[in-house]
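Pasting start.txt here (compact mmCIF, C-alpha atoms and all ligand atoms):
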# COMPACT_ATOMS: atom_id res chain seq x y z
CA ARG A 1 -107.45 211.83 57.61
CA ARG A 2 -103.85 213.02 57.69
CA VAL A 3 -101.73 215.68 59.39
CA LEU A 4 -98.19 216.50 58.31
CA VAL A 5 -95.66 218.12 60.68
CA LEU A 6 -92.75 219.87 58.97
CA HIS A 7 -89.57 221.01 60.69
CA GLY A 8 -87.01 223.27 59.04
CA PRO A 9 -83.23 223.50 59.34
CA ASN A 10 -81.33 222.71 62.55
CA LEU A 11 -84.39 221.36 64.31
CA ASN A 12 -82.83 217.89 64.03
CA LEU A 13 -80.53 219.19 66.80
CA LEU A 14 -83.43 219.95 69.14
CA GLY A 15 -82.68 219.00 72.74
CA ALA A 16 -78.98 219.77 72.33
CA ARG A 17 -79.17 223.03 70.39
CA GLU A 18 -79.23 226.18 72.61
CA PRO A 19 -81.40 224.39 75.24
CA GLU A 20 -81.88 227.70 77.12
CA VAL A 21 -83.74 228.99 74.05
CA TYR A 22 -85.33 225.85 72.58
CA GLY A 23 -85.67 223.48 75.54
CA ARG A 24 -84.54 219.89 76.13
CA THR A 25 -87.30 218.12 74.26
CA THR A 26 -86.05 216.31 71.16
CA LEU A 27 -87.72 216.10 67.77
CA SER A 28 -88.51 212.44 68.29
CA ASP A 29 -90.13 213.27 71.68
CA ILE A 30 -92.31 215.79 69.84
CA HIS A 31 -93.17 213.29 67.11
CA GLU A 32 -94.11 210.59 69.65
CA MET A 33 -96.33 212.98 71.62
CA LEU A 34 -98.09 214.28 68.48
CA SER A 35 -98.55 210.96 66.71
CA ALA A 36 -100.04 209.36 69.85
CA ARG A 37 -102.50 212.24 70.21
CA ALA A 38 -103.49 212.11 66.53
CA ARG A 39 -103.87 208.30 66.61
CA ALA A 40 -106.37 208.63 69.49
CA ASP A 41 -108.60 210.53 67.02
CA GLY A 42 -107.96 208.07 64.19
CA VAL A 43 -105.74 210.56 62.37
CA LEU A 44 -102.45 209.59 60.75
CA LEU A 45 -99.63 211.98 61.65
CA GLU A 46 -96.37 212.07 59.77
CA SER A 47 -93.30 214.20 60.64
CA PHE A 48 -90.56 215.37 58.28
CA GLN A 49 -87.44 217.44 59.06
CA SER A 50 -85.01 218.80 56.51
CA ASN A 51 -82.07 221.16 56.42
CA HIS A 52 -82.77 221.74 52.71
CA GLU A 53 -85.26 224.28 51.40
CA GLY A 54 -86.04 222.33 48.22
CA GLU A 55 -86.80 219.14 50.16
CA LEU A 56 -89.34 221.01 52.28
CA ILE A 57 -90.93 222.45 49.13
CA ASP A 58 -91.09 218.97 47.56
CA ARG A 59 -92.76 217.66 50.73
CA VAL A 60 -95.40 220.41 50.68
CA GLN A 61 -96.14 219.71 47.00
CA ALA A 62 -96.39 215.95 47.66
CA ALA A 63 -98.79 216.60 50.55
CA GLN A 64 -101.39 217.79 48.08
CA SER A 65 -101.41 214.58 46.03
CA GLU A 66 -101.39 212.55 49.28
CA GLY A 67 -104.55 214.33 50.46
CA VAL A 68 -103.00 215.79 53.63
CA ASP A 69 -105.72 217.70 55.51
CA PHE A 70 -103.62 220.00 57.67
CA ILE A 71 -99.95 220.94 58.14
CA LEU A 72 -98.09 222.15 61.23
CA ILE A 73 -94.81 223.79 60.27
CA ASN A 74 -91.88 225.25 62.10
CA PRO A 75 -89.95 226.73 59.18
CA ALA A 76 -87.05 227.57 61.57
CA GLY A 77 -84.51 229.85 59.85
CA TYR A 78 -86.51 229.73 56.59
CA THR A 79 -89.29 231.60 58.41
CA HIS A 80 -87.40 234.80 57.84
CA THR A 81 -85.98 234.10 54.37
CA SER A 82 -87.99 231.75 52.20
CA VAL A 83 -90.33 233.23 49.62
CA ALA A 84 -90.11 229.89 47.78
CA LEU A 85 -91.43 227.80 50.69
CA ARG A 86 -94.21 230.31 51.29
CA ASP A 87 -95.12 230.08 47.59
CA ALA A 88 -95.41 226.28 47.93
CA PHE A 89 -98.05 226.75 50.66
CA ALA A 90 -99.90 229.31 48.58
CA ALA A 91 -99.86 226.85 45.65
CA VAL A 92 -101.23 223.80 47.48
CA GLN A 93 -103.81 225.63 49.58
CA ILE A 94 -103.49 223.17 52.48
CA PRO A 95 -104.37 224.96 55.75
CA PHE A 96 -101.43 225.26 58.13
CA ILE A 97 -100.37 226.62 61.51
CA GLU A 98 -96.93 228.18 61.91
CA VAL A 99 -95.24 227.08 65.15
CA HIS A 100 -92.10 228.42 66.82
CA LEU A 101 -90.65 227.13 70.06
CA SER A 102 -89.27 230.54 71.04
CA ASN A 103 -91.08 233.88 71.03
CA ILE A 104 -89.59 235.26 67.82
CA HIS A 105 -90.95 238.74 68.65
CA ALA A 106 -88.90 238.92 71.84
CA ARG A 107 -85.67 238.09 69.98
CA GLU A 108 -83.45 239.77 67.40
CA PRO A 109 -85.25 242.14 64.98
CA PHE A 110 -84.43 239.87 61.98
CA ARG A 111 -86.67 237.20 63.56
CA HIS A 112 -89.69 239.48 63.87
CA HIS A 113 -90.79 239.08 60.26
CA SER A 114 -92.20 235.81 58.94
CA TYR A 115 -92.96 235.09 55.30
CA PHE A 116 -95.56 232.53 56.47
CA SER A 117 -97.78 234.32 59.01
CA GLY A 118 -99.79 236.21 56.40
CA ILE A 119 -101.08 233.01 54.78
CA ALA A 120 -101.22 230.77 57.90
CA VAL A 121 -104.48 229.86 59.65
CA GLY A 122 -102.70 230.94 62.82
CA VAL A 123 -99.34 231.28 64.53
CA ILE A 124 -98.12 229.93 67.88
CA CYS A 125 -94.78 231.05 69.25
CA GLY A 126 -92.98 231.13 72.58
CA LEU A 127 -94.72 228.12 74.16
CA GLY A 128 -91.95 225.61 73.52
CA ALA A 129 -92.84 222.07 72.48
CA GLN A 130 -96.34 222.56 73.91
CA GLY A 131 -97.04 224.89 71.00
CA TYR A 132 -97.11 221.90 68.65
CA ALA A 133 -99.59 220.06 70.90
CA LEU A 134 -101.90 223.09 71.00
CA ALA A 135 -101.67 223.53 67.23
CA LEU A 136 -102.54 219.85 66.78
CA GLU A 137 -105.65 220.22 68.99
CA TYR A 138 -106.87 222.93 66.63
CA ALA A 139 -106.14 220.78 63.57
CA LEU A 140 -107.96 217.77 65.05
CA ASN A 141 -111.00 219.90 65.91
CA ARG A 142 -111.10 221.27 62.40
CA ILE A 143 -110.75 217.80 60.86
CA ARG A 144 -113.52 216.49 63.13
CA GLU A 145 -115.84 219.32 62.04
CA ASN A 146 -115.24 218.78 58.31
C1 LIG B 201 -87.50 228.98 65.51
C2 LIG B 201 -87.17 230.48 65.53
C3 LIG B 201 -86.31 230.87 64.33
O1 LIG B 201 -86.02 232.25 64.36
C4 LIG B 201 -85.02 230.09 64.33
O2 LIG B 201 -84.28 230.38 63.16
C5 LIG B 201 -85.20 228.63 64.51
C6 LIG B 201 -86.25 228.13 65.40
C7 LIG B 201 -88.24 228.54 66.80
O3 LIG B 201 -88.81 227.45 66.79
O4 LIG B 201 -88.22 229.26 67.81
O5 LIG B 201 -84.45 227.82 63.94
O6 LIG B 201 -88.35 228.72 64.40

Could you spell out this file's structure in structure tokens?
Amino acid sequence: RRVLVLHGPNLNLLGAREPEVYGRTTLSDIHEMLSARARADGVLLESFQSNHEGELIDRVQAAQSEGVDFILINPAGYTHTSVALRDAFAAVQIPFIEVHLSNIHAREPFRHHSYFSGIAVGVICGLGAQGYALALEYALNRIREN
């Protein structure tokens, strides 16, 4: 059983980037927390961050042949722009939760629309790094039930 966590552009800077908005937790902190939790359930969790749209699309396509059961994705800036990354999710039909650290609805109007929410299982935003942990609990429950 496998879960993939995808992080979009600029999230490699997490911890240092606008900490008042995104918090002090780094991407590797998040990965450690999530992979330990998944391991406890016998689930393999892999994380991948890219600043490049095509690399994220390639990773989503590869997930299908790898038999990934569930994806957690923070598409970051691509949330509001990428029809192509959304299309990749529609193509592979792997269930996913969209996660944002900040509450995108409380921010600038251009962040209010997501290309992903309409095809996601669910969306978590505004809960900081804890949002990933909560999304993972859902994924693990669903994997356990299947
Ligand atoms: C974000 C919100 C996006 O609007 C922004 O472009 C990001 C991060 C979040 O996690 O709050 O890069 O996805």

Got a sec to check which residues lie within 6 Å of ligand LIG 201 (chain B), using all atoms listed in the file, and send them as JSON, numbers by chain? {"A": [74, 75, 76, 77, 100, 101, 102, 104, 111]}

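Distances from A:Gly131, A:Pro9, A:Gly122, A:Pro19 to Asn51 in chain A were compared using all atoms listed in the file, and the smallest one belongs to A:Pro9.
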
Could you tell me how far CA of Thr26 in chain A sits from CA of Leu56 in chain A, in Å to one decimal place? 19.7 Å

Point (-105.5, 221.7, 63.3), cut-off 10 Å, counting all atoms listed in the file, residues as a PyMOL selection string: chain A and resi 3+69-72+95-97+121-122+132-144

For C-alpha atoms, I'd like the residues from the last selection saved as a tab-separated table (two decimals), in the coordinates of the input.
chain	number	residue	atom	x	y	z
A	3	VAL	CA	-101.73	215.68	59.39
A	69	ASP	CA	-105.72	217.70	55.51
A	70	PHE	CA	-103.62	220.00	57.67
A	71	ILE	CA	-99.95	220.94	58.14
A	72	LEU	CA	-98.09	222.15	61.23
A	95	PRO	CA	-104.37	224.96	55.75
A	96	PHE	CA	-101.43	225.26	58.13
A	97	ILE	CA	-100.37	226.62	61.51
A	121	VAL	CA	-104.48	229.86	59.65
A	122	GLY	CA	-102.70	230.94	62.82
A	132	TYR	CA	-97.11	221.90	68.65
A	133	ALA	CA	-99.59	220.06	70.90
A	134	LEU	CA	-101.90	223.09	71.00
A	135	ALA	CA	-101.67	223.53	67.23
A	136	LEU	CA	-102.54	219.85	66.78
A	137	GLU	CA	-105.65	220.22	68.99
A	138	TYR	CA	-106.87	222.93	66.63
A	139	ALA	CA	-106.14	220.78	63.57
A	140	LEU	CA	-107.96	217.77	65.05
A	141	ASN	CA	-111.00	219.90	65.91
A	142	ARG	CA	-111.10	221.27	62.40
A	143	ILE	CA	-110.75	217.80	60.86
A	144	ARG	CA	-113.52	216.49	63.13

Residues within 8 Å of (-87.2, 218.2, 64.6), file coords, only C-alpha atoms, listed as a list in words: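 All residues meeting the 8 Å criterion around (-87.2, 218.2, 64.6) are His7, Gly8, Asn10, Leu11, Asn12, Leu13, Leu14, Thr26, Leu27, Ser28, Ile30, Phe48 and Gln49 of chain A.
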
Residues from last step as file, C-alpha atoms, as a short mmCIF file (atom, residue, chain, number, x, y, z; two decimals), in the coordinates of the input:
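Everything below was put into out_17.cif:
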data_model
loop_
_atom_site.label_atom_id
_atom_site.label_comp_id
_atom_site.auth_asym_id
_atom_site.auth_seq_id
_atom_site.Cartn_x
_atom_site.Cartn_y
_atom_site.Cartn_z
CA HIS A 7 -89.57 221.01 60.69
CA GLY A 8 -87.01 223.27 59.04
CA ASN A 10 -81.33 222.71 62.55
CA LEU A 11 -84.39 221.36 64.31
CA ASN A 12 -82.83 217.89 64.03
CA LEU A 13 -80.53 219.19 66.80
CA LEU A 14 -83.43 219.95 69.14
CA THR A 26 -86.05 216.31 71.16
CA LEU A 27 -87.72 216.10 67.77
CA SER A 28 -88.51 212.44 68.29
CA ILE A 30 -92.31 215.79 69.84
CA PHE A 48 -90.56 215.37 58.28
CA GLN A 49 -87.44 217.44 59.06
#

Just the residues within 7 Å of Val123 in chain A, please, counting only C-alpha atoms, with nothing from its chain fewer than 4 positions along; format it as a PyMOL selection string. chain A and resi 97-99+117

For those residues, write C-alpha atoms to a file as a tab-separated table (two decimals), keeping the file's coordinate frame.
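Output below, filename out-v8.tsv:
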chain	number	residue	atom	x	y	z
A	97	ILE	CA	-100.37	226.62	61.51
A	98	GLU	CA	-96.93	228.18	61.91
A	99	VAL	CA	-95.24	227.08	65.15
A	117	SER	CA	-97.78	234.32	59.01

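Every protein, DNA or RNA residue with an atom at most 12 Å from Gly67 in chain A, where only C-alpha atoms count and chain neighbours fewer than 3 positions away do not, is listed here: Arg1, Arg2, Val3, Leu4, Leu44, Val60, Gln61, Ala62, Ala63, Gln64, Phe70, Ile71, Val92, Gln93, Ile94 and Pro95 of chain A.
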
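When CA of Gln130 in chain A is paired with CA of Arg39 in chain A, their separation reads 17.7 Å.
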
What is the CA of Glu32 in chain A-CA of His52 in chain A distance in Å, reported with one decimal?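 CA of Glu32 in chain A sits 23.2 Å away from CA of His52 in chain A.
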
Would you mind telling me which residue in A:Ser82, A:Gly128, A:Asp58, A:Ala91 lies nearest to His113 in chain A when using only C-alpha atoms? A:Ser82

If you count all atoms listed in the file, which residues fall within 7 Å of Ser47 in chain A, apart from same-chain ones fewer than 5 positions away, as a ChimeraX atom specification? /A:4-6,31
